[in-house]
Structures are given as structure tokens and as C-alpha cells.
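Structure record follows, encoded as C-alpha cells.
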Amino acid sequence: MTSVLTKKNLLILGCILLTFVLVQVLMSVGFITSFHEITLATICINIILAVSLNLVTGFTGQFSLGHAGFMSIGAYVCALIVMRFDSVAGFLVGILAAALAATIVGILIGIPTLRLKGDYLAIATLGMAEIIRVVFLNLEITNGAAGLSGIPRYTNWFWMYLFVVLTIVLINNFIRSSHGRACISIREDEIAAESMGINTTKFKVMAFAIGSFFAGIAGALYASYFYFIKPNTFGFLKSIDILVIVVLGGMGSITGSIIAAVLLALVSTFLQSFTAVRMIFYALVLVIIMIFRPQGLLGTKEITDLFKFRRKNERIE
């Protein structure tokens with residue numbers, strides 16, 4: 001059993017390193033241009049956002065529409081720190097501070113709002129995100145509606161890929177832990193989970209805090225890559241964009257979130273000149289998925305589950 005696990009871990013590690021090296025080589029030879037790099041950055045940031053939201057919405061079953069609010073906190077905190085301390089160390093401190101600030105706000109907001117359920121929770125989280133946006137809109141330190149420009153750029157392929165891998169690994173390990181199973185039990189039947197002695201509010205707030213932590217990291221990477229941020233960037237539509245990725249990939253599937261983030265980023269790149277068509281496409285995707293495949297591309301399955309199913313069939317044969 002130990003040898004199998006070791007081989008599996010080595011294979012995963014090899015795939016991770018191979019992907020990093022392959023993209024790095026393609027960038028160095030000029031095959032991946034600066035235009036493609038923007039799409040690559042969007043994919044990485046969206047993967048972090050979608051996987052972290054999936055923990056809250058897909059695995060814990062709490063319908064949140066305020067994920068962009070936590071992203072904005074991370075973006076502004078990191079931007080202010082990096083503009084003050086223009087160095088790699090300042091960038092790393094900014095990412096850590098961004099994640100912690102988003103987590104603290106997530107806990108403060110999660111404790112009262114996560115006692116709500118269904119539509120009431122969605123409305124509460126949406127209101128929270130709008131409050132955060134309006135606060136940044138009226139603060140002098142954030143330069144109000146004009147936003148912050150000239151943010152030093154330290155986000156590159158290495159840092160983006162590193163944080164994507166860390167996000168996937170840490171959230172995947174959390175889901176497979178006893179705390180993660182408690183969150184899944186809340187999604188399946190909250191009343192039954194409470195009757196089994198699970199403190200549902202505690203685990204819902206825990207999942208919300210972890211999701212906020214990684215949303216803050218995504219915001220920090222965004223601010224340090226795109227030079228410029230403003231409050232309207234993190235409005236209601238941004239939260240919907242992230243939710244579309246989660247629903248398309250499958251609520252309860254990390255692999256599904258990754259695949260959906262890549263697909264939608266590529267489609268958005270092709271439709272970049274047609275903003276109206278892009279929004280119509282998102283709406284059509286939601287409608288079609290809800291009608292023909294409400295569970296998303298992978299549902300609650302991971303790509304590793306598909307390999308296990310294939311092995312079982314081979315053994316039966």
C-alpha cells in the first residue's frame with residue numbers, strides 16, 4: 001500500500017514539474033507571447049478563485065455570491081504594501097497580509113451570515129461584497145473610484161503556478177480530512193450532521209475562512225500582475241464569473257473547477273472584442289448546464305476517481 005501511494009505521489013509530482021518546465025520553455029522561446037501570458041495569468045487566478053469557492057459552495061453547500069469581495073481585499077492590501085515596499089520580500093509579505101486580511105473579514109462576516117440558509121445566505125453574501133466595494137470606493141488610501149495604478153509587477157509564471165498548486169493541494173487535503181468530511185456531511189444533510197454532534201456553524205465558518213484566505217491570495221496575484229485595480233473590477237459580475245466556473249466544472253469537484261477555468265478563459269480570450277457576446281455566452285452556458293447537466297462537467301467526481309473506475313473494470317474483465 002505504501003509503495004502504491006509513493007508511486008502515485010511521485011507521478012503527481014512529476015506531472016506538476018513537467019507542466020511548469022514545459023510552459024517555462026515555451027515562454028522562453030517566444031511560443032507563448034505576452035498576450036498569451038495574460039490568458040495564462042487569468043487561468044491561474046481563476047483556478048485559485050474557483051477551487052476556493054468550490055470549498056464553500058460545492059463541498060460545504062453554502063451558496064455564496066460575495067467571493068469577489070474577498071478578492072478585492074487581497075488585491076488592495078497587497079497593492080498598498082508592494083507600493084510602499086517595492087521588493088520581492090514586500091510582495092511576499094503583501095500576499096500573506098492579503099490572505100490574512102481576507103480571512104479575518106471572512107470570519108467576521110461568516111459568523112453572523114452563515115447561520116442563514118439558501119437564498120437568504122446568497123443575498124447576505126452579495127450585500128457583504130457590495131459593502132466592501134463601496135468602502136474601497138470611498139476610502140482615500142485606495143484612491144476611490146480612480147483606483148490604484150502603477151502597482152509594481154512581481155507576479156510571474158513561477159509565483160502563479162506555485163500558488164495554484166498550493167491551493168489545490170491544501171484544499172484537497174482539507175476535504176479528505178475529518179474536517180472536510182464534516183463539511184461534506186453538512187452539504188448532504190445539515191440536520192443529520194447536527195444530530196451526529198457536528199458543530200455545523202463552526203465548520204461552515206471554517207470553510208468560509210479558508211475560501212476567503214485563498215481568494216485574498218488570488219486578489220494579491222491579480223493586483224501585482226495587472227498593475228491597476230479599481231473597486232468596480234470586483235463587483236457583482238466578478239462573483240458571478242467565479243460561480244459560473246464552479247457550476248460548469250461541477251459543485252464538489254476540484255478537477256472540474258480547473259477544467260472549467262481553462263475552458264472559460266480560452267473562450268473569453270477569443271470573445272474579448274465582443275463583450276456583449278461574452279456575457280450572453282455565460283448566460284447560455286448557465287441555462288444549458290442547468291437543463292441538460294445540472295451536476296456540471298464532472299459532478300462531484302475527480303479525475304482520479306475515473307482512473308479508479310477504469311481499474312475496477314479491468315479487474316472484473
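Residue numbering restarts at 1 in every chain; chains get A, B, ... in the order shown in the C-alpha cells, and ligands count up from 1 in that same order.
For Leu137 (chain A), the set of protein, DNA and RNA residues having any atom at most 6 Å away, when counting only C-alpha atoms and skipping those fewer than 4 positions along the same chain, is Gly144, Ala145 and Pro231 of chain A.
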Take the residues that were just selected and, keeping N, CA and C atoms, output them as an mmCIF file, in the first residue's frame.
```
data_model
loop_
_atom_site.group_PDB
_atom_site.id
_atom_site.type_symbol
_atom_site.label_atom_id
_atom_site.label_comp_id
_atom_site.auth_asym_id
_atom_site.auth_seq_id
_atom_site.Cartn_x
_atom_site.Cartn_y
_atom_site.Cartn_z
ATOM 1 N N GLY A 144 -10.149 55.921 -4.117
ATOM 2 C CA GLY A 144 -11.548 55.956 -4.513
ATOM 3 C C GLY A 144 -11.857 55.263 -5.822
ATOM 4 N N ALA A 145 -12.740 55.889 -6.603
ATOM 5 C CA ALA A 145 -13.177 55.292 -7.867
ATOM 6 C C ALA A 145 -12.059 55.256 -8.904
ATOM 7 N N PRO A 231 -12.322 49.583 -7.637
ATOM 8 C CA PRO A 231 -13.399 48.854 -6.945
ATOM 9 C C PRO A 231 -14.367 48.136 -7.874
#
```
Report task. Can you check which residues of region 73-204 of chain A DSSP gives as helix (DSSP H, G or I) on the backbone and send them as a ChimeraX atom specification? Result -> /A:73-84,88-113,119-138,144-146,157-176,178-188,190-195,200-204
Report task. Extract, using only C-alpha atoms, all DNA, RNA and protein residues at most 12 Å from Met196 (chain A), discarding same-chain residues fewer than 4 positions from it, and format them as a list in words. Result -> Ala182, Ser185, Ile186, Asp189, Glu190, Ile191, Ala192 and Thr200 of chain A
Keeping only N, CA and C atoms, take the residues you just selected and write them out as a PDB file, in the first residue's frame.
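Saved result, out04.pdb, follows:
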```pdb
ATOM      1  N   ALA A 182     -16.681  16.520   7.539  1.00  0.00           N
ATOM      2  CA  ALA A 182     -17.757  17.185   8.286  1.00  0.00           C
ATOM      3  C   ALA A 182     -18.448  18.233   7.413  1.00  0.00           C
ATOM      4  N   SER A 185     -20.672  16.468   4.984  1.00  0.00           N
ATOM      5  CA  SER A 185     -21.892  15.986   5.645  1.00  0.00           C
ATOM      6  C   SER A 185     -22.907  17.114   5.822  1.00  0.00           C
ATOM      7  N   ILE A 186     -22.415  18.334   6.029  1.00  0.00           N
ATOM      8  CA  ILE A 186     -23.310  19.490   6.141  1.00  0.00           C
ATOM      9  C   ILE A 186     -24.001  19.731   4.799  1.00  0.00           C
ATOM     10  N   ASP A 189     -26.725  16.761   4.368  1.00  0.00           N
ATOM     11  CA  ASP A 189     -27.897  16.892   5.244  1.00  0.00           C
ATOM     12  C   ASP A 189     -27.467  17.570   6.537  1.00  0.00           C
ATOM     13  N   GLU A 190     -27.754  18.864   6.620  1.00  0.00           N
ATOM     14  CA  GLU A 190     -27.294  19.642   7.769  1.00  0.00           C
ATOM     15  C   GLU A 190     -27.953  19.182   9.066  1.00  0.00           C
ATOM     16  N   ILE A 191     -29.231  18.830   9.007  1.00  0.00           N
ATOM     17  CA  ILE A 191     -29.942  18.382  10.215  1.00  0.00           C
ATOM     18  C   ILE A 191     -29.351  17.080  10.724  1.00  0.00           C
ATOM     19  N   ALA A 192     -29.069  16.153   9.792  1.00  0.00           N
ATOM     20  CA  ALA A 192     -28.461  14.882  10.183  1.00  0.00           C
ATOM     21  C   ALA A 192     -27.062  15.094  10.755  1.00  0.00           C
ATOM     22  N   THR A 200     -22.195  22.569  13.110  1.00  0.00           N
ATOM     23  CA  THR A 200     -22.316  22.991  11.715  1.00  0.00           C
ATOM     24  C   THR A 200     -21.848  24.434  11.491  1.00  0.00           C
TER      25      THR A 200
END
```
Report task. Within 12 Å of Gly235 (chain A), counting only C-alpha atoms, which residues show up once you throw out same-chain ones fewer than 2 positions away? Write them as an NGL selection string, please. Result -> :A and (65-72 or 126-134 or 136-137 or 229-233 or 237-242)
Skipping near chain neighbours, those fewer than 5 positions away, what residues fall within 7 Å of Phe208 (chain A) using only C-alpha atoms, listed as an mmCIF file with N, CA and C atoms, in the first residue's frame?
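Done, and the output landed in out-v5.cif:
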```cif
data_model
loop_
_atom_site.group_PDB
_atom_site.id
_atom_site.type_symbol
_atom_site.label_atom_id
_atom_site.label_comp_id
_atom_site.auth_asym_id
_atom_site.auth_seq_id
_atom_site.Cartn_x
_atom_site.Cartn_y
_atom_site.Cartn_z
ATOM 1 N N VAL A 56 -16.523 26.259 -0.415
ATOM 2 C CA VAL A 56 -17.662 26.845 0.301
ATOM 3 C C VAL A 56 -18.986 26.390 -0.297
ATOM 4 N N GLY A 106 -13.522 37.438 6.403
ATOM 5 C CA GLY A 106 -14.374 36.277 6.132
ATOM 6 C C GLY A 106 -14.959 35.688 7.402
ATOM 7 N N GLY A 110 -18.688 35.722 8.236
ATOM 8 C CA GLY A 110 -19.225 34.368 8.222
ATOM 9 C C GLY A 110 -19.990 33.990 9.480
#
```
**Report entry** Residue neighbourhood region 20-32 of chain A, 12 Å, only C-alpha atoms, exclusion window fewer than 2 positions, as a list in words
**Finding:**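 The contact residues come out as Leu13, Gly14, Cys15, Ile16, Leu17, Leu18, Ser34, Phe35, His36, Glu37, Ile38, Thr39, Leu40, Asn156, Trp157, Phe158, Trp159, Met160, Tyr161, Leu162, Val164 and Val165 of chain A.
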Requested in this report: Record the distance separating CA of Ile168 (chain A) and CA of Phe236 (chain A), expressed in Å with one decimal.
Outcome: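 Distance between the two atoms: 25.0 Å.
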Query raised in the report: Within 12 Å of Ile259 (chain A), counting only C-alpha atoms, which residues qualify if same-chain residues fewer than 3 places away don't, as JSON, numbers by chain?
Result: {"A": [43, 44, 46, 47, 50, 51, 245, 246, 247, 248, 249, 250, 253, 254, 255, 256, 262, 263, 264, 265, 266, 296, 297, 298, 302, 303]}
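Distance-wise, CA of Arg181 (chain A) and CA of Ala261 (chain A) end up 25.0 Å apart.
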Query raised in the report: Hey, which of A:Ala215, A:Cys183, A:Ala41, A:Leu96 ends up closest to Ile198 (chain A)? Count only C-alpha atoms.
Result: A:Cys183
Query raised in the report: Hey, can you check how far CA of Ser268 (chain A) sits from CA of Ala218 (chain A)?
Result: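 Taking CA of Ser268 (chain A) as the start and CA of Ala218 (chain A) as the end point, the length is 18.7 Å.
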Requested in this report: Would you please work out which residue, of A:Thr42, A:Thr125, A:Gln62, A:Thr113, is nearest to Gly252 (chain A) when using only C-alpha atoms?
Outcome: A:Gln62
Query - Proximity to Leu92 (chain A) - best of A:Cys78, A:Met290, A:Phe228, A:Asn138, only C-alpha atoms - result: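 Closest residue, counting only C-alpha atoms: A:Cys78.
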